[in-house]
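Chemist: Dropping in input21.cif, which is mmCIF, C-alpha atoms:
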```
data_data
#
loop_
_atom_site.label_atom_id
_atom_site.label_comp_id
_atom_site.auth_asym_id
_atom_site.auth_seq_id
_atom_site.Cartn_x
_atom_site.Cartn_y
_atom_site.Cartn_z
CA MET F 1 0.00 0.00 0.00
CA LYS F 2 2.13 2.80 -1.35
CA LEU F 3 1.23 6.27 -2.53
CA GLU F 4 2.78 5.61 -5.92
CA ALA F 5 0.44 2.69 -6.62
CA PHE F 6 -2.62 4.87 -6.08
CA VAL F 7 -1.24 7.68 -8.25
CA LEU F 8 -0.45 5.22 -11.05
CA LEU F 9 -3.92 3.66 -10.81
CA SER F 10 -5.44 7.13 -11.03
CA LEU F 11 -3.27 7.79 -14.08
CA VAL F 12 -4.51 4.59 -15.78
CA LEU F 13 -8.13 5.53 -15.10
CA PHE F 14 -7.57 9.05 -16.44
CA SER F 15 -5.95 7.70 -19.62
CA ALA F 16 -8.88 5.32 -20.15
CA GLY F 17 -11.26 8.27 -19.82
CA LEU F 18 -9.17 10.31 -22.25
CA TYR F 19 -9.29 7.46 -24.76
CA ALA F 20 -13.07 7.22 -24.43
CA VAL F 21 -13.53 10.96 -24.92
CA ILE F 22 -11.44 10.96 -28.10
CA ALA F 23 -12.44 7.62 -29.63
CA ARG F 24 -16.14 7.24 -28.89
CA ARG F 25 -18.75 9.19 -30.81
CA ASN F 26 -21.81 8.29 -28.77
CA LEU F 27 -22.53 11.25 -26.49
CA ILE F 28 -23.26 9.00 -23.50
CA ALA F 29 -20.02 7.07 -24.06
CA ILE F 30 -18.14 10.38 -24.05
CA LEU F 31 -19.89 11.25 -20.79
CA ILE F 32 -18.68 7.93 -19.32
CA GLY F 33 -15.13 8.93 -20.24
CA VAL F 34 -15.55 12.28 -18.47
CA GLU F 35 -16.84 10.50 -15.36
CA LEU F 36 -13.82 8.19 -15.38
CA MET F 37 -11.50 11.20 -15.51
CA LEU F 38 -13.32 12.92 -12.63
CA ASN F 39 -13.06 9.77 -10.52
CA ALA F 40 -9.36 9.42 -11.28
CA VAL F 41 -8.87 12.94 -9.93
CA SER F 42 -10.92 12.11 -6.83
CA LEU F 43 -8.79 9.03 -6.17
CA ASN F 44 -5.65 11.15 -6.48
CA PHE F 45 -6.98 13.63 -3.93
CA MET F 46 -7.92 10.84 -1.51
CA ALA F 47 -4.51 9.16 -1.85
CA PHE F 48 -2.47 12.31 -1.24
CA ASN F 49 -4.88 13.21 1.54
CA ARG F 50 -4.18 9.87 3.24
CA PHE F 51 -0.43 9.87 2.81
CA VAL F 52 0.87 13.42 3.03
CA ALA F 53 -1.83 15.95 4.03
CA LEU F 54 -1.71 17.69 7.38
CA ASP F 55 -5.47 18.11 7.78
CA PRO F 56 -7.31 15.07 6.34
CA ALA F 57 -10.54 17.05 5.99
CA VAL F 58 -9.20 19.05 3.02
CA GLY F 59 -8.96 16.22 0.50
CA GLN F 60 -12.27 14.70 1.57
CA VAL F 61 -14.04 18.06 1.21
CA VAL F 62 -12.57 18.51 -2.27
CA VAL F 63 -13.74 15.03 -3.28
CA LEU F 64 -17.22 15.77 -1.98
CA PHE F 65 -17.29 18.96 -4.07
CA ILE F 66 -16.14 17.01 -7.13
CA ILE F 67 -18.96 14.50 -6.60
CA GLY F 68 -21.52 17.31 -6.26
CA LEU F 69 -20.29 19.09 -9.38
CA ALA F 70 -20.30 15.79 -11.29
CA ALA F 71 -23.94 15.30 -10.33
CA ALA F 72 -24.82 18.76 -11.68
CA GLU F 73 -22.81 18.14 -14.83
CA VAL F 74 -24.50 14.80 -15.50
CA ALA F 75 -27.97 16.30 -15.01
CA ILE F 76 -27.26 19.00 -17.60
CA ALA F 77 -25.47 16.66 -20.00
CA LEU F 78 -28.22 14.05 -19.98
CA SER F 79 -30.93 16.63 -20.55
CA ILE F 80 -28.96 18.06 -23.48
CA ILE F 81 -28.52 14.53 -24.86
CA LEU F 82 -32.26 13.90 -24.60
CA ALA F 83 -33.04 17.23 -26.28
CA VAL F 84 -30.61 16.40 -29.11
CA TYR F 85 -32.13 12.96 -29.50
CA ARG F 86 -35.65 14.38 -29.65
CA GLN F 87 -34.65 16.71 -32.48
CA ARG F 88 -32.65 14.34 -34.66
CA LYS F 89 -33.30 10.78 -33.48
CA GLN F 90 -29.61 10.02 -32.92
CA ILE F 91 -26.87 11.07 -30.53
CA ASP F 92 -23.71 11.05 -32.63
CA ALA F 93 -21.22 13.78 -31.76
CA ASP F 94 -20.06 14.07 -35.38
CA GLN F 95 -23.55 14.97 -36.60
CA LEU F 96 -23.74 18.07 -34.37
CA ASP F 97 -21.78 20.31 -36.70
CA GLU F 98 -24.04 23.26 -37.55
CA LEU F 99 -21.67 25.71 -35.88
CA LYS F 100 -18.72 24.54 -37.93
CA GLY F 101 -17.34 27.49 -39.90
CA MET X 102 -5.27 -5.45 3.75
CA SER X 103 -2.77 -5.18 0.94
CA THR X 104 -4.35 -8.09 -0.94
CA VAL X 105 -7.73 -6.38 -0.76
CA THR X 106 -6.23 -3.14 -2.05
CA GLY X 107 -4.56 -4.90 -4.98
CA LEU X 108 -7.76 -6.72 -5.83
CA LEU X 109 -9.77 -3.49 -5.75
CA MET X 110 -7.21 -1.79 -8.00
CA ALA X 111 -7.39 -4.67 -10.51
CA ILE X 112 -11.20 -4.54 -10.49
CA ALA X 113 -11.12 -0.78 -11.04
CA ILE X 114 -8.83 -1.10 -14.06
CA CYS X 115 -10.89 -3.96 -15.56
CA GLY X 116 -14.10 -1.98 -15.11
CA ALA X 117 -12.57 1.10 -16.73
CA LEU X 118 -11.34 -0.94 -19.71
CA LEU X 119 -14.81 -2.46 -20.11
CA ALA X 120 -16.40 0.99 -19.83
CA VAL X 121 -14.32 2.46 -22.64
CA SER X 122 -14.24 -0.52 -24.99
CA LEU X 123 -17.70 -2.11 -24.98
CA LYS X 124 -19.82 -1.26 -28.03
CA ASN X 125 -23.13 -1.40 -26.22
CA VAL X 126 -23.43 1.79 -24.16
CA LEU X 127 -25.57 0.05 -21.55
CA HIS X 128 -22.80 -2.49 -20.92
CA ALA X 129 -20.27 0.34 -20.80
CA ILE X 130 -22.29 1.95 -18.02
CA PHE X 131 -22.15 -1.31 -16.08
CA GLY X 132 -18.37 -1.28 -16.51
CA LEU X 133 -18.33 2.27 -15.16
CA ALA X 134 -20.43 1.14 -12.17
CA ILE X 135 -17.92 -1.65 -11.42
CA THR X 136 -15.09 0.90 -11.45
CA LEU X 137 -17.04 3.25 -9.19
CA LEU X 138 -17.76 0.49 -6.67
CA ALA X 139 -14.08 -0.52 -6.62
CA LEU X 140 -13.13 3.13 -6.13
CA ALA X 141 -15.54 3.36 -3.21
CA GLY X 142 -13.76 0.38 -1.69
CA LEU X 143 -10.42 2.11 -2.22
CA PHE X 144 -11.75 5.24 -0.51
CA MET X 145 -12.63 2.98 2.41
CA VAL X 146 -9.06 1.63 2.41
CA LEU X 147 -7.80 5.21 2.32
CA GLY X 148 -9.55 5.89 5.59
CA SER X 149 -12.78 7.64 4.65
CA PRO X 150 -15.94 5.53 4.91
CA PHE X 151 -18.07 8.67 4.58
CA VAL X 152 -16.73 9.65 1.16
CA ALA X 153 -17.00 5.98 0.11
CA ALA X 154 -20.68 6.00 1.09
CA MET X 155 -21.26 9.24 -0.84
CA GLU X 156 -19.53 7.74 -3.88
CA VAL X 157 -21.83 4.73 -3.81
CA LEU X 158 -24.96 6.78 -3.13
CA ILE X 159 -24.43 9.56 -5.66
CA TYR X 160 -22.34 7.94 -8.39
CA VAL X 161 -23.58 4.35 -8.43
CA GLY X 162 -27.07 5.07 -7.15
CA GLY X 163 -27.70 8.36 -8.91
CA ILE X 164 -25.47 9.10 -11.87
CA SER X 165 -25.23 5.56 -13.30
CA VAL X 166 -28.97 5.04 -13.00
CA ALA X 167 -29.65 8.39 -14.68
CA MET X 168 -27.32 7.35 -17.51
CA VAL X 169 -29.17 4.05 -17.90
CA PHE X 170 -32.43 5.99 -18.15
CA ALA X 171 -30.93 8.28 -20.80
CA VAL X 172 -29.77 5.26 -22.81
CA MET X 173 -33.22 3.71 -22.65
CA LEU X 174 -34.81 6.98 -23.74
CA SER X 175 -32.42 7.64 -26.60
CA THR X 176 -30.08 5.14 -28.20
CA VAL X 177 -31.97 2.80 -30.45
CA VAL X 178 -29.21 1.48 -32.69
CA PRO X 179 -25.70 2.14 -31.41
CA LYS X 180 -24.16 2.56 -34.84
CA HIS X 181 -21.49 5.18 -35.26
CA ALA X 182 -19.90 5.44 -38.66
CA ALA X 183 -17.26 7.85 -37.37
CA GLU X 184 -15.86 5.31 -34.89
CA THR X 185 -13.35 4.01 -37.41
CA SER X 186 -10.36 1.93 -36.45
CA LEU X 187 -8.17 4.82 -37.58
CA ARG X 188 -9.86 7.09 -35.06
CA LYS X 189 -9.55 4.45 -32.32
CA GLY X 190 -5.89 3.94 -33.12
CA ALA X 191 -5.21 7.67 -32.96
CA ALA X 192 -7.09 7.94 -29.66
CA ALA X 193 -5.19 4.97 -28.24
CA LEU X 194 -1.94 6.59 -29.35
CA VAL X 195 -2.82 9.85 -27.59
CA ALA X 196 -3.93 8.07 -24.42
CA LEU X 197 -0.86 5.82 -24.34
CA THR X 198 1.47 8.77 -24.90
CA PHE X 199 -0.23 10.57 -22.03
CA LEU X 200 -0.02 7.45 -19.85
CA LEU X 201 3.66 6.83 -20.51
CA GLY X 202 4.66 10.50 -20.29
CA VAL X 203 2.89 11.24 -17.02
CA GLY X 204 3.81 7.76 -15.73
CA ALA X 205 7.50 8.53 -16.26
CA ILE X 206 7.05 11.80 -14.37
CA VAL X 207 5.23 10.05 -11.50
CA VAL X 208 7.87 7.31 -11.24
CA GLY X 209 10.65 9.88 -11.39
CA ALA X 210 8.97 12.25 -8.94
CA ASP X 211 10.34 10.43 -5.91
CA LEU X 212 7.04 10.23 -4.08
CA PRO X 213 7.34 9.35 -0.39
CA SER X 214 7.44 5.56 -0.27
CA THR X 215 6.66 5.28 3.41
CA SER X 216 3.55 3.41 4.37
CA ALA X 217 0.54 5.48 5.37
CA PRO X 218 0.67 7.27 8.72
CA THR X 219 -1.66 6.14 11.45
CA LEU X 220 -5.16 7.54 11.55
CA PRO X 221 -5.76 9.94 14.43
CA ALA X 222 -9.40 9.14 15.14
CA GLU X 223 -10.53 12.69 15.88
CA LEU X 224 -8.96 14.14 12.70
CA TRP X 225 -10.52 11.46 10.47
CA SER X 226 -13.96 11.51 12.07
CA VAL X 227 -17.04 12.57 10.15
CA ALA X 228 -17.59 15.26 12.79
CA HIS X 229 -14.28 16.89 11.87
CA LEU X 230 -15.15 16.65 8.18
CA GLY X 231 -18.56 18.24 8.76
CA THR X 232 -17.05 21.05 10.81
CA ALA X 233 -14.54 21.80 8.06
CA LEU X 234 -17.29 21.67 5.41
CA LEU X 235 -19.60 24.11 7.19
CA ASP X 236 -16.96 26.29 8.79
CA HIS X 237 -13.92 26.89 6.63
CA TYR X 238 -15.48 25.82 3.34
CA ASN X 239 -18.90 27.29 4.02
CA LEU X 240 -18.83 29.67 1.05
CA VAL X 241 -17.89 26.88 -1.40
CA PHE X 242 -20.60 24.72 0.09
CA GLU X 243 -23.27 27.40 -0.46
CA VAL X 244 -22.06 28.17 -3.98
CA LEU X 245 -22.23 24.46 -4.78
CA SER X 246 -25.83 24.29 -3.60
CA VAL X 247 -26.73 27.21 -5.88
CA VAL X 248 -24.91 25.48 -8.76
CA LEU X 249 -26.93 22.32 -8.14
CA LEU X 250 -30.19 24.28 -8.04
CA VAL X 251 -29.38 26.08 -11.29
CA ALA X 252 -28.34 22.80 -12.90
CA ILE X 253 -31.58 21.09 -11.94
CA ILE X 254 -33.69 24.01 -13.21
CA GLY X 255 -31.63 24.11 -16.39
CA ALA X 256 -32.05 20.38 -16.90
CA ILE X 257 -35.81 20.71 -16.57
CA VAL X 258 -35.95 23.64 -18.98
CA ILE X 259 -33.71 21.98 -21.59
CA SER X 260 -35.37 18.59 -21.58
CA ARG X 261 -38.96 19.83 -21.41
CA ARG X 262 -41.04 19.01 -24.44
CA GLU X 263 -41.83 22.16 -26.43
CA GLU X 264 -45.54 22.80 -26.45
CA GLU X 265 -47.25 23.42 -29.76
CA HIS X 266 -48.05 27.11 -30.12
CA THR X 267 -51.27 26.84 -32.08
CA GLU X 268 -52.94 29.99 -30.80
CA SER X 269 -52.47 33.47 -32.33
#
```
Could you write out this file's structure as structure tokens?
Modeler:
Amino acid sequence: MKLEAFVLLSLVLFSAGLYAVIARRNLIAILIGVELMLNAVSLNFMAFNRFVALDPAVGQVVVLFIIGLAAAEVAIALSIILAVYRQRKQIDADQLDELKG
Amino acid sequence: MSTVTGLLMAIAICGALLAVSLKNVLHAIFGLAITLLALAGLFMVLGSPFVAAMEVLIYVGGISVAMVFAVMLSTVVPKHAAETSLRKGAAALVALTFLLGVGAIVVGADLPSTSAPTLPAELWSVAHLGTALLDHYNLVFEVLSVVLLVAIIGAIVISRREEEHTES
């Protein structure tokens, strides 16, 4: 149980999320990637909080704020996805290109 | 304890790989839920049962279920012409470069390799966490509640069905 192991695990999770955001074109799959990245960051905070922080409340509070913001983000994202689906009957990120110059 | 930690880490990585690779979005969400549960276990190992409980309640119980609902309301045929193997290869290249680059930095960063310090019970108690949340971080806490309120109202407004304006 070393700090480095947790940081490396968080790095792997973040890379997986990055891959999903770039490779997938389904809006919900992209959202899954974003969630993975957020959780990787939370794990990093918790690990450093456990191993090196002076006041252990700091990291836990930050993680709680991340969870709250993720909940808000998912609510907005899912409603946007549903609105997009209602208009065009599909949720492919590459089809949403009206604003392309 | 160390075996449990290693097992949880392996489960988290497997779940993440499932979540990013499975074609069916519903299955990918289940992969994400596996990762989130493993992470909650790791939070427990890292000394915070409260944050672990919040992770399970909000992420697994709330966010994953909301995603499943969105999938059931939207995706009929998960067919994406743009998900070519070229695109996947490029994305894998970017992600692997990031992984190796930052991994080299982390390994070279000389992180403290001591085992975790002991847990002083009063500093790691939920009471201490709650005091910090409502005392020192009170402003952030209130701003976050306003953000959540605005997000919920926005979600309702965005996803509401437009009524037909037949009059006038």
Chemist: Chain X residues within 6 Å of chain F, counting all atoms listed in the file: which ones, as a VMD selection string?
Modeler: chain X and resid 103 121 147 189 192 to 193 196 200 216 to 217 230 249 252 256 260
Chemist: Restricted to C-alpha atoms, what would the selected residues look like written as a PDB file, in the frame of the given file?
Modeler:
```pdb
ATOM      1  CA  SER X 103      -2.770  -5.180   0.940  1.00  0.00           C
ATOM      2  CA  VAL X 121     -14.320   2.460 -22.640  1.00  0.00           C
ATOM      3  CA  LEU X 147      -7.800   5.210   2.320  1.00  0.00           C
ATOM      4  CA  LYS X 189      -9.550   4.450 -32.320  1.00  0.00           C
ATOM      5  CA  ALA X 192      -7.090   7.940 -29.660  1.00  0.00           C
ATOM      6  CA  ALA X 193      -5.190   4.970 -28.240  1.00  0.00           C
ATOM      7  CA  ALA X 196      -3.930   8.070 -24.420  1.00  0.00           C
ATOM      8  CA  LEU X 200      -0.020   7.450 -19.850  1.00  0.00           C
ATOM      9  CA  SER X 216       3.550   3.410   4.370  1.00  0.00           C
ATOM     10  CA  ALA X 217       0.540   5.480   5.370  1.00  0.00           C
ATOM     11  CA  LEU X 230     -15.150  16.650   8.180  1.00  0.00           C
ATOM     12  CA  LEU X 249     -26.930  22.320  -8.140  1.00  0.00           C
ATOM     13  CA  ALA X 252     -28.340  22.800 -12.900  1.00  0.00           C
ATOM     14  CA  ALA X 256     -32.050  20.380 -16.900  1.00  0.00           C
ATOM     15  CA  SER X 260     -35.370  18.590 -21.580  1.00  0.00           C
TER      16      SER X 260
END
```
Chemist: When you draw a straight line from atom CA of Gly132 of chain X to atom CA of Ala117 of chain X, how long is it in Å?
Modeler: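 Going from atom CA of Gly132 of chain X over to atom CA of Ala117 of chain X, I get 6.3 Å.
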Chemist: Quick check, in Å to one decimal: how far apart do atom CA of Ala129 of chain X and atom CA of Ala111 of chain X lie?
Modeler: 17.2 Å
Chemist: Smallest atom-to-atom distance to Val146 of chain X: which of X:Ser165, X:Ser122, X:Thr185, X:Thr104, using only C-alpha atoms?
Modeler: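 Among the listed residues, X:Thr104 lies closest to Val146 of chain X.
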Chemist: In Å to one decimal, how far is atom CA of Leu38 of chain F from atom CA of Val172 of chain X?
Modeler: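 Distance reported for this atom pair: 20.8 Å.
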